[in-house]
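Novice: So here's coords.cif, just mmCIF, C-alpha atoms:
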data_start
loop_
_atom_site.group_PDB
_atom_site.id
_atom_site.type_symbol
_atom_site.label_atom_id
_atom_site.label_comp_id
_atom_site.auth_asym_id
_atom_site.auth_seq_id
_atom_site.Cartn_x
_atom_site.Cartn_y
_atom_site.Cartn_z
ATOM 1 C CA MET F 1289 -1.745 -72.120 25.830
ATOM 2 C CA PRO F 1290 -0.552 -68.879 27.383
ATOM 3 C CA LYS F 1291 2.713 -67.546 25.951
ATOM 4 C CA VAL F 1292 3.170 -65.121 28.852
ATOM 5 C CA LYS F 1293 2.761 -65.312 32.614
ATOM 6 C CA ALA F 1294 -0.853 -65.333 33.774
ATOM 7 C CA ASN F 1295 -0.550 -61.988 35.577
ATOM 8 C CA GLU F 1296 0.035 -60.316 32.170
ATOM 9 C CA PHE F 1297 -3.645 -60.991 31.395
ATOM 10 C CA LYS F 1298 -4.600 -58.314 33.930
ATOM 11 C CA LYS F 1299 -3.895 -55.829 31.103
ATOM 12 C CA PHE F 1300 -6.985 -57.237 29.359
ATOM 13 C CA GLY F 1301 -9.198 -56.934 32.443
ATOM 14 C CA PHE F 1302 -8.702 -60.404 33.921
ATOM 15 C CA LYS F 1303 -9.146 -60.602 37.705
ATOM 16 C CA ARG F 1304 -7.438 -62.911 40.191
ATOM 17 C CA CYS F 1305 -9.505 -65.998 40.992
ATOM 18 C CA LYS F 1306 -11.012 -66.067 44.462
ATOM 19 C CA GLY F 1307 -10.223 -68.806 46.962
ATOM 20 C CA ILE F 1308 -7.021 -69.915 45.228
ATOM 21 C CA PRO F 1309 -3.586 -69.235 46.736
ATOM 22 C CA LYS F 1310 -1.912 -66.189 45.179
ATOM 23 C CA GLU F 1311 1.141 -68.218 44.182
ATOM 24 C CA SER F 1312 -1.101 -70.248 41.850
ATOM 25 C CA GLU F 1313 -1.518 -67.185 39.587
ATOM 26 C CA CYS F 1314 -5.014 -67.951 38.278
ATOM 27 C CA TYR F 1315 -7.141 -65.260 36.618
ATOM 28 C CA TYR F 1316 -10.585 -65.036 35.027
ATOM 29 C CA LEU F 1317 -12.631 -62.768 32.795
ATOM 30 C CA CYS F 1318 -16.423 -63.023 32.573
ATOM 31 C CA ILE F 1319 -18.003 -62.360 29.196
ATOM 32 C CA ALA F 1320 -21.642 -61.236 29.213
ATOM 33 C CA ARG F 1321 -22.437 -62.090 25.609
ATOM 34 C CA GLY F 1322 -22.918 -65.845 25.684
ATOM 35 C CA LEU F 1323 -22.267 -66.105 29.445
ATOM 36 C CA LYS F 1324 -18.702 -67.403 29.226
ATOM 37 C CA MET F 1325 -15.768 -67.276 31.624
ATOM 38 C CA LEU F 1326 -12.187 -67.195 30.368
ATOM 39 C CA PHE F 1327 -9.720 -68.821 32.753
ATOM 40 C CA VAL F 1328 -5.941 -68.550 32.604
ATOM 41 C CA SER F 1329 -3.020 -69.808 34.659
ATOM 42 C CA ASP F 1330 0.655 -70.014 33.752
ATOM 43 C CA VAL F 1331 0.047 -73.394 32.058
ATOM 44 C CA CYS F 1332 -3.606 -73.348 30.948
ATOM 45 C CA PHE F 1333 -6.131 -71.214 29.103
ATOM 46 C CA CYS F 1334 -9.754 -72.282 28.692
ATOM 47 C CA VAL F 1335 -13.212 -70.988 27.864
ATOM 48 C CA ASN F 1336 -15.911 -72.206 30.246
ATOM 49 C CA ASP F 1337 -19.633 -71.652 30.550
ATOM 50 C CA TRP F 1338 -20.319 -69.097 33.297
ATOM 51 C CA HIS F 1339 -21.746 -70.738 36.419
ATOM 52 C CA GLU F 1340 -23.112 -68.729 39.337
ATOM 53 C CA ASN F 1341 -21.808 -71.269 41.846
ATOM 54 C CA ASP F 1342 -18.182 -71.232 40.626
ATOM 55 C CA PRO F 1343 -16.200 -70.271 43.761
ATOM 56 C CA ARG F 1344 -13.354 -68.751 41.701
ATOM 57 C CA ILE F 1345 -15.430 -65.892 40.294
ATOM 58 C CA HIS F 1346 -17.992 -63.251 41.268
ATOM 59 C CA LYS F 1347 -21.669 -64.161 41.653
ATOM 60 C CA ARG F 1348 -23.419 -62.098 38.954
ATOM 61 C CA ALA F 1349 -22.632 -62.620 35.316
ATOM 62 C CA ASN F 1350 -21.065 -59.605 33.706
ATOM 63 C CA CYS F 1351 -21.083 -57.195 36.671
ATOM 64 C CA HIS F 1352 -20.080 -53.762 35.299
ATOM 65 C CA TYR F 1353 -17.584 -54.892 32.633
ATOM 66 C CA SER F 1354 -20.179 -55.168 29.885
ATOM 67 C CA ASP F 1355 -19.137 -54.644 26.302
ATOM 68 C CA ARG F 1356 -20.110 -55.972 22.896
ATOM 69 C CA ARG F 1357 -17.355 -58.596 22.566
ATOM 70 C CA THR F 1358 -17.918 -62.326 22.709
ATOM 71 C CA ALA F 1359 -15.486 -64.819 24.229
ATOM 72 C CA LEU F 1360 -14.219 -65.581 20.722
ATOM 73 C CA ASP F 1361 -13.547 -61.869 20.135
ATOM 74 C CA VAL F 1362 -11.454 -61.707 23.315
ATOM 75 C CA VAL F 1363 -9.545 -64.903 22.437
ATOM 76 C CA TYR F 1364 -8.817 -63.430 18.998
ATOM 77 C CA ASP F 1365 -7.532 -60.204 20.597
ATOM 78 C CA LEU F 1366 -5.285 -62.231 22.926
ATOM 79 C CA ILE F 1367 -3.848 -64.181 19.984
ATOM 80 C CA LYS F 1368 -3.199 -60.937 18.092
ATOM 81 C CA ALA F 1369 -1.470 -59.556 21.198
ATOM 82 C CA ASP F 1370 0.828 -62.641 21.093
ATOM 83 C CA MET F 1371 -0.374 -63.840 24.504
ATOM 84 C CA LEU F 1372 -1.812 -67.194 23.399
ATOM 85 C CA GLU F 1373 -0.607 -69.958 21.112
ATOM 86 C CA LYS F 1374 -2.008 -73.232 19.869
ATOM 87 C CA ARG F 1375 -0.318 -76.393 21.133
ATOM 88 C CA VAL F 1376 -1.089 -79.821 19.802
ATOM 89 C CA GLU F 1377 0.080 -82.757 21.878
#
So that I can check it, write out the structure of this file as structure tokens.

Specialist:
Amino acid sequence: MPKVKANEFKKFGFKRCKGIPKESECYYLCIARGLKMLFVSDVCFCVNDWHENDPRIHKRANCHYSDRRTALDVVYDLIKADMLEKRVE
């Protein structure tokens, strides 16, 4: 679960989701290694497989934001930055 507002994830390179009203505050980050997409809103954080037909994101996996990190590396960095927490319901 996010511990901060979704727009704080822009600091880590997340982009606003396309086709969703701005007041929804939804962001994504595509990860080239493993073709994953990280999704965050004010109430949800999830790791999804990257799909070319997802209307919330850009069409080509990884565009020009390529680096050596995996989705797990990014999640770990977000936990260290105190932006995510585990919730068990």

Novice: I want to know what sits within 12 Å of Val1292 (chain F), based on only C-alpha atoms, with residues of the same chain fewer than 2 positions away left out; could you give that as a count of residues only?

Specialist: 22

Novice: Which distance in Å separates CA of Arg1321 (chain F) and CA of Thr1358 (chain F), to one decimal?

Specialist: 5.4 Å

Novice: Let me have the centre and edge lengths of the axis-aligned box enclosing all listed atoms of region 1367-1377 of chain F with 5 Å padding on every side, in Å to one decimal, as JSON.

Specialist:
{"center_x": -1.5, "center_y": -71.2, "center_z": 21.3, "size_x": 14.7, "size_y": 33.2, "size_z": 16.4}

Novice: Counting only C-alpha atoms, which residue out of F:Cys1318, F:Lys1291, F:Phe1300, F:Glu1311 sits closest to His1339 (chain F)?

Specialist: F:Cys1318

Novice: Excluding Leu1360 (chain F) and any residue of its chain fewer than 3 positions from it, enumerate the residues within 12 Å of it, using only C-alpha atoms, and give them as a list in words.

Specialist: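 Near Leu1360 (chain F), the qualifying residues are Ile1319, Arg1321, Gly1322, Leu1323, Lys1324, Met1325, Leu1326, Cys1334, Val1335, Asn1336, Arg1356, Arg1357, Val1363, Tyr1364, Asp1365, Leu1366 and Ile1367 of chain F.
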
Novice: Please write the residues picked by the PyMOL selection byres ((chain F and resi 1315) around 6) on this file as an MDAnalysis selection string.

Specialist: chainID F and resid 1302:1305 1314 1316 1327:1328

Novice: For those residues, write C-alpha atoms to a file as a PDB file, keeping the file's coordinate frame.

Specialist:
ATOM      1  CA  PHE F1302      -8.702 -60.404  33.921  1.00  0.00           C
ATOM      2  CA  LYS F1303      -9.146 -60.602  37.705  1.00  0.00           C
ATOM      3  CA  ARG F1304      -7.438 -62.911  40.191  1.00  0.00           C
ATOM      4  CA  CYS F1305      -9.505 -65.998  40.992  1.00  0.00           C
ATOM      5  CA  CYS F1314      -5.014 -67.951  38.278  1.00  0.00           C
ATOM      6  CA  TYR F1316     -10.585 -65.036  35.027  1.00  0.00           C
ATOM      7  CA  PHE F1327      -9.720 -68.821  32.753  1.00  0.00           C
ATOM      8  CA  VAL F1328      -5.941 -68.550  32.604  1.00  0.00           C
TER       9      VAL F1328
END

Novice: Hey, could you patch up region 1321-1332 of chain F with all heavy atoms and hand it over as a compact mmCIF listing (two decimals), in the coordinates of the input?

Specialist:
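Dumped to result15.txt:
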# COMPACT_ATOMS: atom_id res chain seq x y z
N ARG F 1321 -21.82 -61.55 26.82
CA ARG F 1321 -22.44 -62.09 25.61
C ARG F 1321 -22.12 -63.57 25.50
O ARG F 1321 -20.99 -63.95 25.27
CB ARG F 1321 -21.93 -61.34 24.39
CG ARG F 1321 -22.42 -59.90 24.40
CD ARG F 1321 -22.16 -59.18 23.15
NE ARG F 1321 -22.95 -59.77 22.07
CZ ARG F 1321 -22.73 -59.52 20.80
NH1 ARG F 1321 -21.76 -58.74 20.44
NH2 ARG F 1321 -23.49 -60.07 19.88
N GLY F 1322 -23.10 -64.40 25.73
CA GLY F 1322 -22.92 -65.84 25.68
C GLY F 1322 -22.63 -66.46 27.03
O GLY F 1322 -22.48 -67.67 27.14
N LEU F 1323 -22.53 -65.64 28.08
CA LEU F 1323 -22.27 -66.10 29.44
C LEU F 1323 -21.10 -67.09 29.50
O LEU F 1323 -21.24 -68.26 29.83
CB LEU F 1323 -23.52 -66.74 30.05
CG LEU F 1323 -24.67 -65.76 30.31
CD1 LEU F 1323 -25.89 -66.51 30.80
CD2 LEU F 1323 -24.26 -64.70 31.29
N LYS F 1324 -19.92 -66.60 29.20
CA LYS F 1324 -18.70 -67.40 29.23
C LYS F 1324 -17.74 -66.84 30.26
O LYS F 1324 -17.82 -65.68 30.65
CB LYS F 1324 -18.01 -67.41 27.86
CG LYS F 1324 -18.83 -68.02 26.75
CD LYS F 1324 -19.04 -69.49 26.95
CE LYS F 1324 -19.79 -70.10 25.79
NZ LYS F 1324 -20.11 -71.49 26.01
N MET F 1325 -16.82 -67.68 30.70
CA MET F 1325 -15.77 -67.28 31.62
C MET F 1325 -14.45 -67.77 31.04
O MET F 1325 -14.30 -68.95 30.75
CB MET F 1325 -16.00 -67.88 33.01
CG MET F 1325 -15.04 -67.37 34.07
SD MET F 1325 -13.58 -68.38 34.34
CE MET F 1325 -14.20 -69.78 35.21
N LEU F 1326 -13.52 -66.84 30.83
CA LEU F 1326 -12.19 -67.19 30.37
C LEU F 1326 -11.31 -67.39 31.59
O LEU F 1326 -11.31 -66.57 32.50
CB LEU F 1326 -11.61 -66.09 29.49
CG LEU F 1326 -12.46 -65.65 28.30
CD1 LEU F 1326 -11.74 -64.56 27.52
CD2 LEU F 1326 -12.80 -66.81 27.41
N PHE F 1327 -10.58 -68.48 31.62
CA PHE F 1327 -9.72 -68.82 32.75
C PHE F 1327 -8.30 -68.97 32.25
O PHE F 1327 -8.06 -69.58 31.19
CB PHE F 1327 -10.19 -70.14 33.38
CG PHE F 1327 -9.27 -70.66 34.44
CD1 PHE F 1327 -9.35 -70.17 35.73
CD2 PHE F 1327 -8.31 -71.61 34.14
CE1 PHE F 1327 -8.49 -70.64 36.72
CE2 PHE F 1327 -7.45 -72.08 35.11
CZ PHE F 1327 -7.54 -71.60 36.40
N VAL F 1328 -7.35 -68.41 32.99
CA VAL F 1328 -5.94 -68.55 32.60
C VAL F 1328 -5.08 -68.77 33.84
O VAL F 1328 -5.32 -68.20 34.91
CB VAL F 1328 -5.45 -67.32 31.80
CG1 VAL F 1328 -5.42 -66.06 32.65
CG2 VAL F 1328 -4.10 -67.58 31.17
N SER F 1329 -4.09 -69.64 33.68
CA SER F 1329 -3.02 -69.81 34.66
C SER F 1329 -1.73 -69.79 33.85
O SER F 1329 -1.76 -69.59 32.64
CB SER F 1329 -3.17 -71.13 35.42
OG SER F 1329 -2.87 -72.23 34.58
N ASP F 1330 -0.61 -70.02 34.49
CA ASP F 1330 0.66 -70.01 33.75
C ASP F 1330 0.74 -71.16 32.74
O ASP F 1330 1.53 -71.10 31.80
CB ASP F 1330 1.84 -70.08 34.72
CG ASP F 1330 2.05 -68.77 35.46
OD1 ASP F 1330 1.56 -67.71 35.00
OD2 ASP F 1330 2.72 -68.81 36.51
N VAL F 1331 -0.06 -72.20 32.92
CA VAL F 1331 0.05 -73.39 32.06
C VAL F 1331 -1.24 -73.74 31.32
O VAL F 1331 -1.28 -74.71 30.56
CB VAL F 1331 0.52 -74.62 32.87
CG1 VAL F 1331 1.91 -74.40 33.40
CG2 VAL F 1331 -0.45 -74.94 33.99
N CYS F 1332 -2.31 -72.97 31.52
CA CYS F 1332 -3.61 -73.35 30.95
C CYS F 1332 -4.42 -72.12 30.58
O CYS F 1332 -4.38 -71.12 31.29
CB CYS F 1332 -4.37 -74.19 31.98
SG CYS F 1332 -6.06 -74.57 31.53
